[in-house]
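Data file: structure.txt. Format and content: compact mmCIF, C-alpha atoms and all ligand atoms.
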```
# COMPACT_ATOMS: atom_id res chain seq x y z
CA MET C 1 203.18 9.64 131.80
CA SER C 2 199.77 9.20 133.42
CA ASP C 3 197.78 11.11 130.79
CA ASP C 4 199.71 9.47 127.96
CA LEU C 5 199.03 6.09 129.53
CA HIS C 6 195.29 6.63 129.73
CA GLY C 7 195.22 8.09 126.24
CA ALA C 8 197.07 5.09 124.82
CA ILE C 9 194.74 2.70 126.63
CA GLY C 10 191.70 4.57 125.40
CA GLU C 11 192.97 4.11 121.84
CA LEU C 12 193.66 0.40 122.32
CA LEU C 13 190.15 -0.12 123.66
CA GLY C 14 188.64 2.05 120.94
CA ASP C 15 190.35 -0.04 118.26
CA ASP C 16 188.34 -2.99 119.55
CA GLY C 17 185.12 -1.04 119.83
CA GLN C 18 185.38 -0.84 123.62
CA ARG C 19 184.98 2.21 125.82
CA TYR C 20 187.43 3.26 128.53
CA THR C 21 184.91 3.25 131.33
CA THR C 22 185.42 4.39 134.91
CA GLY C 23 185.57 0.79 136.06
CA ARG C 24 188.30 -0.04 133.56
CA ARG C 25 190.24 3.09 134.50
CA ASN C 26 189.98 2.03 138.13
CA LEU C 27 191.53 -1.36 137.31
CA VAL C 28 194.31 0.28 135.31
CA GLU C 29 195.06 2.65 138.20
CA VAL C 30 195.35 -0.29 140.60
CA LEU C 31 197.80 -2.04 138.29
CA ARG C 32 199.73 1.17 137.61
CA ARG C 33 200.23 1.82 141.32
CA ALA C 34 201.36 -1.76 141.99
CA SER C 35 205.07 -2.52 141.89
CA ARG C 36 204.48 -6.12 140.84
CA PRO C 37 201.92 -8.24 138.99
CA LEU C 38 198.71 -8.70 141.00
CA THR C 39 196.30 -11.59 141.31
CA ALA C 40 192.64 -10.95 140.60
CA ALA C 41 191.97 -11.09 144.34
CA GLU C 42 194.65 -8.46 145.01
CA ILE C 43 193.24 -6.23 142.28
CA LEU C 44 189.79 -6.53 143.81
CA ALA C 45 191.11 -5.77 147.29
CA ALA C 46 192.88 -2.63 146.03
CA GLY C 47 190.06 -1.35 143.83
CA SER C 48 186.48 -0.42 144.47
CA LEU C 49 184.65 -2.47 141.88
CA PRO C 50 181.97 -5.08 142.27
CA LEU C 51 183.36 -8.59 141.76
CA SER C 52 181.47 -9.45 138.58
CA SER C 53 182.32 -6.28 136.70
CA ALA C 54 185.95 -6.44 137.83
CA TYR C 55 186.41 -9.86 136.24
CA ARG C 56 184.57 -8.82 133.09
CA ASN C 57 186.57 -5.63 132.74
CA LEU C 58 189.84 -7.45 133.39
CA ALA C 59 188.98 -9.88 130.59
CA VAL C 60 188.24 -6.98 128.21
CA LEU C 61 191.50 -5.21 129.12
CA GLU C 62 193.39 -8.45 128.53
CA ALA C 63 191.69 -9.09 125.19
CA CYS C 64 192.55 -5.56 124.03
CA GLY C 65 196.23 -5.96 124.95
CA VAL C 66 196.15 -3.44 127.81
CA VAL C 67 196.74 -6.04 130.50
CA HIS C 68 199.02 -9.05 130.26
CA ARG C 69 198.77 -12.30 132.17
CA VAL C 70 202.07 -13.15 133.86
CA ALA C 71 203.17 -16.77 134.03
CA GLY C 72 204.13 -17.85 137.53
CA THR C 73 204.71 -21.15 139.29
CA ASP C 74 201.27 -21.64 140.81
CA GLU C 75 197.75 -21.79 139.42
CA LEU C 76 196.91 -18.16 140.21
CA ALA C 77 196.80 -15.81 137.27
CA ARG C 78 198.66 -12.54 137.82
CA PHE C 79 198.15 -9.40 135.80
CA GLU C 80 200.19 -6.34 134.88
CA LEU C 81 199.93 -3.51 132.37
CA ALA C 82 201.42 -4.47 129.01
CA GLU C 83 205.07 -3.53 128.61
CA ASP C 84 204.20 -1.46 125.54
CA LEU C 85 202.37 0.85 127.96
CA THR C 86 204.90 0.81 130.78
CA ASP C 87 208.57 -0.18 130.78
CA HIS C 88 210.43 -3.31 129.82
CA HIS C 89 211.29 -5.39 132.87
CA HIS C 90 211.83 -8.92 134.13
CA HIS C 91 210.32 -11.05 136.87
CA LEU C 92 211.49 -12.76 140.04
CA ILE C 93 209.19 -15.71 140.67
CA CYS C 94 208.97 -17.35 144.10
CA THR C 95 208.53 -21.12 143.73
CA GLU C 96 207.34 -21.29 147.36
CA CYS C 97 204.48 -18.77 147.57
CA GLY C 98 204.07 -17.91 143.90
CA THR C 99 204.59 -14.19 144.29
CA VAL C 100 206.03 -12.41 141.27
CA LEU C 101 208.25 -9.34 141.63
CA ASP C 102 209.42 -6.94 138.92
CA PHE C 103 213.05 -6.15 138.34
CA THR C 104 215.06 -4.42 135.64
CA VAL C 105 218.54 -5.31 134.45
CA PRO C 106 221.30 -2.86 133.50
CA ASP C 107 221.15 -1.43 129.97
CA ALA C 108 224.41 -3.23 129.17
CA LEU C 109 222.75 -6.60 129.80
CA GLU C 110 219.73 -5.63 127.72
CA ALA C 111 222.14 -4.68 124.92
CA ASP C 112 223.86 -8.07 125.25
CA LEU C 113 220.49 -9.81 125.10
CA ALA C 114 219.64 -7.85 121.95
CA ALA C 115 222.95 -8.92 120.40
CA VAL C 116 222.27 -12.58 121.26
CA THR C 117 218.78 -12.21 119.85
CA ALA C 118 220.20 -10.95 116.56
CA GLU C 119 222.64 -13.88 116.41
CA VAL C 120 219.86 -16.36 117.08
CA ALA C 121 217.75 -14.75 114.39
CA SER C 122 220.46 -15.02 111.75
CA ALA C 123 221.27 -18.60 112.74
CA THR C 124 217.70 -19.87 112.88
CA GLY C 125 215.53 -17.45 110.90
CA PHE C 126 213.49 -16.99 114.06
CA ARG C 127 212.24 -13.43 114.27
CA THR C 128 212.17 -12.51 117.94
CA ARG C 129 209.74 -9.82 118.99
CA HIS C 130 210.26 -9.99 122.71
CA HIS C 131 212.25 -11.77 125.38
CA ARG C 132 211.64 -12.94 128.90
CA LEU C 133 214.20 -13.37 131.62
CA ASP C 134 212.60 -14.76 134.75
CA LEU C 135 214.54 -15.72 137.85
CA LEU C 136 213.03 -18.53 139.92
CA GLY C 137 213.74 -19.05 143.59
CA ARG C 138 212.56 -18.13 147.07
CA CYS C 139 211.43 -14.63 147.93
CA ALA C 140 212.64 -12.83 151.05
CA ASP C 141 209.42 -13.71 152.90
CA CYS C 142 209.78 -17.43 152.18
CA ASP C 143 213.52 -17.75 152.68
ZN ZN O 1 207.62 -16.37 148.43
ZN ZN O 2 215.00 -7.54 129.01
```

Take the structure I supplied and represent it as structure tokens, if you would.
Ligand SMILES: [Zn+2]
Ligand SMILES: [Zn+2]
Amino acid sequence: MSDDLHGAIGELLGDDGQRYTTGRRNLVEVLRRASRPLTAAEILAAGSLPLSSAYRNLAVLEACGVVHRVAGTDELARFELAEDLTDHHHHLICTECGTVLDFTVPDALEADLAAVTAEVASATGFRTRHHRLDLLGRCADCD
């Protein structure tokens, strides 16, 4: 998947007239290795980029749809690779420390969600492109 991933990201960036530089690849690798969305500080700690270029490159990756900002319960922005590039998943959000963890649900539940989505669409005319299912609570470290 790794080569496909970088190829797809190179195309996304190219569509916006951006180059897939070493620094951007470094950021993507940090996010790819992470098992959960990371704050900018965590990305910096895990990568080897100077602060200023890391923030600039993160903004470019976000603008090109490579990286998504994950909504949490605190003021810290967290980032992950876009689901189009990885796999569909959901988030566990700790209301105590703000950490966000990834989790997946069984295919049967995803199928049920798709069925509900179709019902909602026919009842409301709302065309759903995506869904979120976040669980809020206390993580194991905070409990
Ligand atoms: Zn916590
Ligand atoms: Zn889902």

Tell me, as an mmCIF file with C-alpha atoms, in the frame of the given file, which residues lie within 12 Å of Val60 in chain C, counting all atoms listed in the file; anything in the same chain fewer than 3 positions away does not count.
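Dumped everything to selection26.cif:
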```
data_model
loop_
_atom_site.group_PDB
_atom_site.id
_atom_site.type_symbol
_atom_site.label_atom_id
_atom_site.label_comp_id
_atom_site.auth_asym_id
_atom_site.auth_seq_id
_atom_site.Cartn_x
_atom_site.Cartn_y
_atom_site.Cartn_z
ATOM 1 C CA ILE C 9 194.740 2.700 126.630
ATOM 2 C CA LEU C 12 193.660 0.400 122.320
ATOM 3 C CA LEU C 13 190.150 -0.120 123.660
ATOM 4 C CA GLY C 14 188.640 2.050 120.940
ATOM 5 C CA ASP C 16 188.340 -2.990 119.550
ATOM 6 C CA GLY C 17 185.120 -1.040 119.830
ATOM 7 C CA GLN C 18 185.380 -0.840 123.620
ATOM 8 C CA ARG C 19 184.980 2.210 125.820
ATOM 9 C CA TYR C 20 187.430 3.260 128.530
ATOM 10 C CA THR C 21 184.910 3.250 131.330
ATOM 11 C CA GLY C 23 185.570 0.790 136.060
ATOM 12 C CA ARG C 24 188.300 -0.040 133.560
ATOM 13 C CA LEU C 27 191.530 -1.360 137.310
ATOM 14 C CA VAL C 28 194.310 0.280 135.310
ATOM 15 C CA SER C 53 182.320 -6.280 136.700
ATOM 16 C CA ALA C 54 185.950 -6.440 137.830
ATOM 17 C CA TYR C 55 186.410 -9.860 136.240
ATOM 18 C CA ARG C 56 184.570 -8.820 133.090
ATOM 19 C CA ASN C 57 186.570 -5.630 132.740
ATOM 20 C CA ALA C 63 191.690 -9.090 125.190
ATOM 21 C CA CYS C 64 192.550 -5.560 124.030
ATOM 22 C CA GLY C 65 196.230 -5.960 124.950
ATOM 23 C CA VAL C 66 196.150 -3.440 127.810
ATOM 24 C CA VAL C 67 196.740 -6.040 130.500
ATOM 25 C CA HIS C 68 199.020 -9.050 130.260
#
```

**Prompt:** Smallest atom-to-atom distance to Leu38 in chain C: which of C:Ala123, C:Leu133, C:Ala77, C:Ala111, using all atoms listed in the file?
**Reply:** C:Ala77

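Remark: for Glu29 in chain C, the closest of the candidate residues C:Glu80, C:Asp74, C:Asp87, C:Asp107 is C:Glu80 (distances computed over only C-alpha atoms).
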
Please identify every residue of chain C that has at least one atom no farther than 7 Å from an atom of ligand ZN 1 (chain O), counting only C-alpha atoms and all ligand atoms, and for each give the shortest atom pair and the distance in Å to one decimal, arranged by chain then increasing number, as JSON lines.
```
{"residue": "C:Cys94", "atom": "CA", "partner": "O:ZN1", "partner_atom": "ZN", "distance": 4.6}
{"residue": "C:Thr95", "atom": "CA", "partner": "O:ZN1", "partner_atom": "ZN", "distance": 6.7}
{"residue": "C:Glu96", "atom": "CA", "partner": "O:ZN1", "partner_atom": "ZN", "distance": 5.0}
{"residue": "C:Cys97", "atom": "CA", "partner": "O:ZN1", "partner_atom": "ZN", "distance": 4.0}
{"residue": "C:Gly98", "atom": "CA", "partner": "O:ZN1", "partner_atom": "ZN", "distance": 6.0}
{"residue": "C:Thr99", "atom": "CA", "partner": "O:ZN1", "partner_atom": "ZN", "distance": 5.6}
{"residue": "C:Arg138", "atom": "CA", "partner": "O:ZN1", "partner_atom": "ZN", "distance": 5.4}
{"residue": "C:Cys139", "atom": "CA", "partner": "O:ZN1", "partner_atom": "ZN", "distance": 4.2}
{"residue": "C:Ala140", "atom": "CA", "partner": "O:ZN1", "partner_atom": "ZN", "distance": 6.7}
{"residue": "C:Asp141", "atom": "CA", "partner": "O:ZN1", "partner_atom": "ZN", "distance": 5.5}
{"residue": "C:Cys142", "atom": "CA", "partner": "O:ZN1", "partner_atom": "ZN", "distance": 4.5}
```

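Identified as lying at most 8 Å from ligand ZN 2 (chain O) when counting all atoms listed in the file are the residues His88, His89, His90, Thr104, Val105, Leu109, Glu110, Leu113, His131, Arg132 and Leu133 of chain C.
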
**Message:** Please report the interatomic distance between CA of Ala8 in chain C and CA of Leu85 in chain C in Å with one decimal.
**Reply:**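 Separating CA of Ala8 in chain C from CA of Leu85 in chain C is a distance of 7.5 Å.
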
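Nearest residue to Ile93 in chain C among C:Ala108, C:Asp134, C:Ala114, C:Ala59 is C:Asp134, counting only C-alpha atoms.
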
**Prompt:** Do you know which residues lie at most 7 Å from (207.5, -7.7, 141.1), with coordinates as in the file and all atoms listed in the file counted, and could you write them as a ChimeraX atom specification?
**Reply:** /C:35-37,91-92,100-103

**Item:** Coordinates-based distance that separates CA of Thr73 in chain C from CA of Leu49 in chain C (Å, one decimal)
**Value:**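 Atom-to-atom, CA of Leu49 in chain C to CA of Thr73 in chain C, that is 27.5 Å.
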
**Asked** With all atoms listed in the file as the basis for distance, which of C:Thr22, C:Thr128, C:Ser122, C:Thr39 is at the shortest distance from Phe79 in chain C?
**Response**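 Of all the options, C:Thr39 lies closest to Phe79 in chain C.
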
**Message:** Would you compute the distance between CA of Ala46 in chain C and CA of Glu75 in chain C? Give it in Å to one decimal.
**Reply:** 20.8 Å

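For the choices C:Asn26, C:Glu119, C:Arg129, C:Arg69, the atom-to-atom distance to Pro50 in chain C is smallest for C:Asn26 when using all atoms listed in the file.
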